[in-house]
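Since the structure comes first, as structure tokens, the remarks are kept for the end.
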Amino acid sequence: MRALTIVNLSLWSVLFVAWVPYTARVGWADPISSEVRWILATTAVLMVMLGFLRVRRHRPVLG
């Protein structure tokens, strides 16, 4: 499970880093930018929930 968390964080980071310059070029109203923003927000919320769950169960988040 920890390996999947690390992979998820890595993929999220890559997508975020690629999305920021794209959004700067085409703007917030672009349909692709809106869809990526939705994906990033949803996965960020899920990762935060997973982190809270792991902390609550006294399990290490990444280690």
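By convention here, the chains of the structure tokens are called A, B, ... in the order presented, each chain's residues are numbered starting at 1, and ligands are numbered starting at 1 in the order presented.
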
Go through region 3-28 of chain A residue by residue and, counting only C-alpha atoms, keep those with an atom at most 9 Å from region 40-49 of chain A; for each kept residue give the shortest atom pair and its distance in Å to one decimal, ordered by chain and increasing number, as JSON lines.
{"residue": "A:Thr5", "atom": "CA", "partner": "A:Met47", "partner_atom": "CA", "distance": 8.2}
{"residue": "A:Asn8", "atom": "CA", "partner": "A:Met47", "partner_atom": "CA", "distance": 8.5}
{"residue": "A:Leu9", "atom": "CA", "partner": "A:Met47", "partner_atom": "CA", "distance": 8.2}
{"residue": "A:Trp12", "atom": "CA", "partner": "A:Leu40", "partner_atom": "CA", "distance": 7.0}
{"residue": "A:Leu15", "atom": "CA", "partner": "A:Leu40", "partner_atom": "CA", "distance": 7.9}
{"residue": "A:Phe16", "atom": "CA", "partner": "A:Leu40", "partner_atom": "CA", "distance": 7.2}

For the selection you just gave me, I'd like the residues written to a file as a PDB file, in the first residue's frame, keeping all heavy atoms.
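What ended up in out-v3.pdb:
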ATOM      1  N   THR A   5       0.985   4.517  -2.611  1.00  0.00           N
ATOM      2  CA  THR A   5       0.877   5.904  -2.160  1.00  0.00           C
ATOM      3  C   THR A   5       2.003   6.740  -2.754  1.00  0.00           C
ATOM      4  O   THR A   5       1.773   7.860  -3.225  1.00  0.00           O
ATOM      5  CB  THR A   5       0.909   5.978  -0.622  1.00  0.00           C
ATOM      6  OG1 THR A   5      -0.164   5.203  -0.102  1.00  0.00           O
ATOM      7  CG2 THR A   5       0.788   7.409  -0.138  1.00  0.00           C
ATOM      8  N   ASN A   8       1.285   7.210  -6.423  1.00  0.00           N
ATOM      9  CA  ASN A   8       0.200   8.166  -6.589  1.00  0.00           C
ATOM     10  C   ASN A   8       0.693   9.599  -6.382  1.00  0.00           C
ATOM     11  O   ASN A   8       0.367  10.490  -7.171  1.00  0.00           O
ATOM     12  CB  ASN A   8      -0.934   7.845  -5.617  1.00  0.00           C
ATOM     13  CG  ASN A   8      -2.198   8.595  -5.935  1.00  0.00           C
ATOM     14  OD1 ASN A   8      -2.354   9.142  -7.014  1.00  0.00           O
ATOM     15  ND2 ASN A   8      -3.103   8.619  -4.987  1.00  0.00           N
ATOM     16  N   LEU A   9       1.479   9.822  -5.337  1.00  0.00           N
ATOM     17  CA  LEU A   9       2.036  11.155  -5.101  1.00  0.00           C
ATOM     18  C   LEU A   9       2.950  11.596  -6.242  1.00  0.00           C
ATOM     19  O   LEU A   9       2.932  12.758  -6.655  1.00  0.00           O
ATOM     20  CB  LEU A   9       2.801  11.182  -3.779  1.00  0.00           C
ATOM     21  CG  LEU A   9       1.956  11.210  -2.514  1.00  0.00           C
ATOM     22  CD1 LEU A   9       2.843  10.993  -1.289  1.00  0.00           C
ATOM     23  CD2 LEU A   9       1.210  12.515  -2.410  1.00  0.00           C
ATOM     24  N   TRP A  12       0.773  12.399  -9.285  1.00  0.00           N
ATOM     25  CA  TRP A  12       0.046  13.634  -9.028  1.00  0.00           C
ATOM     26  C   TRP A  12       0.979  14.831  -9.209  1.00  0.00           C
ATOM     27  O   TRP A  12       0.604  15.828  -9.822  1.00  0.00           O
ATOM     28  CB  TRP A  12      -0.532  13.617  -7.607  1.00  0.00           C
ATOM     29  CG  TRP A  12      -1.491  14.728  -7.341  1.00  0.00           C
ATOM     30  CD1 TRP A  12      -2.833  14.701  -7.520  1.00  0.00           C
ATOM     31  CD2 TRP A  12      -1.177  16.038  -6.858  1.00  0.00           C
ATOM     32  NE1 TRP A  12      -3.377  15.909  -7.167  1.00  0.00           N
ATOM     33  CE2 TRP A  12      -2.382  16.747  -6.756  1.00  0.00           C
ATOM     34  CE3 TRP A  12       0.007  16.667  -6.494  1.00  0.00           C
ATOM     35  CZ2 TRP A  12      -2.432  18.061  -6.321  1.00  0.00           C
ATOM     36  CZ3 TRP A  12      -0.048  17.985  -6.060  1.00  0.00           C
ATOM     37  CH2 TRP A  12      -1.259  18.663  -5.975  1.00  0.00           C
ATOM     38  N   LEU A  15       1.724  15.432 -12.943  1.00  0.00           N
ATOM     39  CA  LEU A  15       0.570  16.031 -13.605  1.00  0.00           C
ATOM     40  C   LEU A  15       0.415  17.491 -13.200  1.00  0.00           C
ATOM     41  O   LEU A  15       0.145  18.357 -14.038  1.00  0.00           O
ATOM     42  CB  LEU A  15      -0.701  15.246 -13.267  1.00  0.00           C
ATOM     43  CG  LEU A  15      -1.999  15.724 -13.920  1.00  0.00           C
ATOM     44  CD1 LEU A  15      -1.890  15.679 -15.434  1.00  0.00           C
ATOM     45  CD2 LEU A  15      -3.167  14.890 -13.442  1.00  0.00           C
ATOM     46  N   PHE A  16       0.602  17.792 -11.925  1.00  0.00           N
ATOM     47  CA  PHE A  16       0.479  19.169 -11.449  1.00  0.00           C
ATOM     48  C   PHE A  16       1.532  20.066 -12.086  1.00  0.00           C
ATOM     49  O   PHE A  16       1.226  21.169 -12.546  1.00  0.00           O
ATOM     50  CB  PHE A  16       0.585  19.211  -9.921  1.00  0.00           C
ATOM     51  CG  PHE A  16       0.444  20.588  -9.361  1.00  0.00           C
ATOM     52  CD1 PHE A  16      -0.801  21.182  -9.275  1.00  0.00           C
ATOM     53  CD2 PHE A  16       1.555  21.293  -8.930  1.00  0.00           C
ATOM     54  CE1 PHE A  16      -0.937  22.466  -8.759  1.00  0.00           C
ATOM     55  CE2 PHE A  16       1.428  22.569  -8.415  1.00  0.00           C
ATOM     56  CZ  PHE A  16       0.186  23.158  -8.334  1.00  0.00           C
TER      57      PHE A  16
END

Would you list, as a PyMOL selection string, the residues of chain A that end up in alpha helix (DSSP H) under DSSP run on this structure's backbone? chain A and resi 2-26+31-56

Using only C-alpha atoms, which residues sit within 12 Å of region 20-22 of chain A once same-chain residues fewer than 2 positions away are excluded, as a list in words? Ser13, Val14, Leu15, Phe16, Val17, Ala18, Ala24, Arg25, Val26, Gly27, Trp28, Ala29, Asp30, Pro31, Ile32, Ser33, Ser34, Val36, Arg37 and Leu40 of chain A

File dump, residues just selected, N, CA and C atoms, as a PDB file, in the first residue's frame:
ATOM      1  N   SER A  13       2.196  14.714  -8.698  1.00  0.00           N
ATOM      2  CA  SER A  13       3.160  15.809  -8.808  1.00  0.00           C
ATOM      3  C   SER A  13       3.528  16.090 -10.263  1.00  0.00           C
ATOM      4  N   VAL A  14       3.748  15.032 -11.029  1.00  0.00           N
ATOM      5  CA  VAL A  14       4.089  15.201 -12.446  1.00  0.00           C
ATOM      6  C   VAL A  14       2.939  15.875 -13.183  1.00  0.00           C
ATOM      7  N   LEU A  15       1.724  15.432 -12.943  1.00  0.00           N
ATOM      8  CA  LEU A  15       0.570  16.031 -13.605  1.00  0.00           C
ATOM      9  C   LEU A  15       0.415  17.491 -13.200  1.00  0.00           C
ATOM     10  N   PHE A  16       0.602  17.792 -11.925  1.00  0.00           N
ATOM     11  CA  PHE A  16       0.479  19.169 -11.449  1.00  0.00           C
ATOM     12  C   PHE A  16       1.532  20.066 -12.086  1.00  0.00           C
ATOM     13  N   VAL A  17       2.779  19.595 -12.118  1.00  0.00           N
ATOM     14  CA  VAL A  17       3.870  20.385 -12.688  1.00  0.00           C
ATOM     15  C   VAL A  17       3.651  20.617 -14.190  1.00  0.00           C
ATOM     16  N   ALA A  18       3.082  19.650 -14.884  1.00  0.00           N
ATOM     17  CA  ALA A  18       2.797  19.822 -16.313  1.00  0.00           C
ATOM     18  C   ALA A  18       1.570  20.707 -16.536  1.00  0.00           C
ATOM     19  N   ALA A  24      -1.240  28.313 -17.620  1.00  0.00           N
ATOM     20  CA  ALA A  24      -0.742  29.684 -17.798  1.00  0.00           C
ATOM     21  C   ALA A  24      -0.820  30.111 -19.265  1.00  0.00           C
ATOM     22  N   ARG A  25      -0.642  29.163 -20.179  1.00  0.00           N
ATOM     23  CA  ARG A  25      -0.690  29.484 -21.600  1.00  0.00           C
ATOM     24  C   ARG A  25      -2.116  29.605 -22.122  1.00  0.00           C
ATOM     25  N   VAL A  26      -2.990  28.666 -21.769  1.00  0.00           N
ATOM     26  CA  VAL A  26      -4.327  28.636 -22.392  1.00  0.00           C
ATOM     27  C   VAL A  26      -5.427  29.205 -21.506  1.00  0.00           C
ATOM     28  N   GLY A  27      -5.206  29.315 -20.213  1.00  0.00           N
ATOM     29  CA  GLY A  27      -6.195  29.897 -19.322  1.00  0.00           C
ATOM     30  C   GLY A  27      -7.032  28.852 -18.603  1.00  0.00           C
ATOM     31  N   TRP A  28      -7.777  29.331 -17.598  1.00  0.00           N
ATOM     32  CA  TRP A  28      -8.571  28.458 -16.728  1.00  0.00           C
ATOM     33  C   TRP A  28      -9.806  27.908 -17.417  1.00  0.00           C
ATOM     34  N   ALA A  29     -10.300  28.594 -18.423  1.00  0.00           N
ATOM     35  CA  ALA A  29     -11.572  28.208 -19.051  1.00  0.00           C
ATOM     36  C   ALA A  29     -11.417  27.089 -20.074  1.00  0.00           C
ATOM     37  N   ASP A  30     -10.205  26.718 -20.412  1.00  0.00           N
ATOM     38  CA  ASP A  30      -9.974  25.647 -21.379  1.00  0.00           C
ATOM     39  C   ASP A  30     -10.570  24.346 -20.854  1.00  0.00           C
ATOM     40  N   PRO A  31     -11.285  23.570 -21.705  1.00  0.00           N
ATOM     41  CA  PRO A  31     -11.908  22.327 -21.229  1.00  0.00           C
ATOM     42  C   PRO A  31     -10.908  21.306 -20.686  1.00  0.00           C
ATOM     43  N   ILE A  32      -9.759  21.193 -21.303  1.00  0.00           N
ATOM     44  CA  ILE A  32      -8.754  20.246 -20.818  1.00  0.00           C
ATOM     45  C   ILE A  32      -8.219  20.695 -19.466  1.00  0.00           C
ATOM     46  N   SER A  33      -7.963  21.983 -19.331  1.00  0.00           N
ATOM     47  CA  SER A  33      -7.485  22.515 -18.054  1.00  0.00           C
ATOM     48  C   SER A  33      -8.511  22.283 -16.956  1.00  0.00           C
ATOM     49  N   SER A  34      -9.769  22.466 -17.272  1.00  0.00           N
ATOM     50  CA  SER A  34     -10.834  22.244 -16.281  1.00  0.00           C
ATOM     51  C   SER A  34     -10.898  20.784 -15.865  1.00  0.00           C
ATOM     52  N   VAL A  36      -8.447  18.517 -15.991  1.00  0.00           N
ATOM     53  CA  VAL A  36      -7.252  18.188 -15.210  1.00  0.00           C
ATOM     54  C   VAL A  36      -7.364  18.776 -13.807  1.00  0.00           C
ATOM     55  N   ARG A  37      -7.900  19.991 -13.710  1.00  0.00           N
ATOM     56  CA  ARG A  37      -8.094  20.609 -12.395  1.00  0.00           C
ATOM     57  C   ARG A  37      -9.026  19.744 -11.543  1.00  0.00           C
ATOM     58  N   LEU A  40      -7.032  16.646 -10.427  1.00  0.00           N
ATOM     59  CA  LEU A  40      -6.063  16.996  -9.391  1.00  0.00           C
ATOM     60  C   LEU A  40      -6.747  17.255  -8.054  1.00  0.00           C
TER      61      LEU A  40
END

Work out how far apart CA of Ile6 (chain A) and CA of Trp19 (chain A) are and give it in Å to one decimal.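 Separating CA of Ile6 (chain A) from CA of Trp19 (chain A) is a distance of 19.7 Å.
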